[in-house]
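> This structure is in structure tokens; I'll ask about it shortly.
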Amino acid sequence: MVRLQPDPFLNELTNMFERTTEKGSVWVTLKHSSDKSKVKRNKMKTAGEKIDFKCLIRATDGKKTISTMVGPKDHQRFQSSYATILKARMTALKKRERKDKRKVADSDKKQDKKKQPTKPSN
Amino acid sequence: MVYIESWDDFVEKSVQLFRSDPEKTRYAMKYRHCDGKLVLKVTDDRECIKFKTDQAQDAKKMEKFNNIFFTLMARGPDGNVLAHYCLSSSCLYLGIRVNRNSEFRCNAVNTDISEGGGKEQVEAQAPRRGRGRKQ
């Protein structure tokens with residue numbers, strides 16, 4: 001598990017997406033974390049100290065794992081860069097086209113006509 | 001693993017899960033370019049909800065969802081998070097109110113998720129001043 005700063009993390013995340021174009025997956029996990037062990041957190045609680053929470057972001061391609069911590073001050077900047085990366089990389093998803101929908105609807109209608117048994121003409 | 005069909009339900013339940021246990025709840029996303037599939041998972045290690053899709057339009061919804069969770073997780077569950085259901089495009093727009101009375105410029109209906117009211121109309125905001133003509 002490699003702990004990086006937010007910017008190198010984003011670069012490495014981009015590389016991960018590039019590597020898994022043909023094969024493989026990218027997992028990104030977000031968690032609310034203080035980066036301290038449970039023992040230390042309990043001690044801080046009983047002592048009345050305020051615990052600093054940040055957002056822990058982890059990313060993996062199945063082989064390599066990277067992570068970073070983002071605090072409340074820089075999370076806006078991070079989330080916009082993150083969104084840009086996702087928009088640029090998630091291109092394999094299907095785009096819903098109305099033309100396709102109409103074609104599907106037309107072909108369904110034709111199939112329905114064929115399926116209906118020939119009615120006796122009155 | 002529970003797959004949820006409705007996007008709005010998924011978002012609502014995820015936020016509820018996080019608020020009920022912020023220390024344990026995590027949000028995971030898996031993207032497979034070769035299959036063109038995207039799966040979102042939110043769990044607190046007791047309950048788990050998932051959403052899967054292969055539609056590009058859901059990627060856009062997911063971006064807004066990411067914004068929600070980044071804010072919740074970076075600032076903590078105490079942050080007042082208002083959700084605006086934009087009626088025209090039926091998307092979930094998130095505005096974040098910092099404690100300094102910053103205002104939103106949005107005429108959509110406000111829904112306060114923190115009260116667990118879900119889609120009920122809790123407050124109906126009056127049209128905002130500032131931009132636009134004074135009547």
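As shown in the structure tokens, the chain order sets the letters A, B, ...; within each chain, residues go from 1, and ligands are also counted from 1 in the order they appear.
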Taking only C-alpha atoms into account, which residues of chain B are within 6 Å of chain A, as a list in words?

Arg26, Tyr27, Ala28, Met29, Lys30, Tyr31, Arg32, His33, Cys34, Gly36, Asp54, Gln55, Ala56, Met73, Ala74 and Arg75 of chain B

> Between A:Ala88, A:Val39, A:Leu13, A:Met1, which one has atoms that come closest to Thr65 in chain A, using only C-alpha atoms?

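Among the listed residues, A:Met1 lies closest to Thr65 in chain A.
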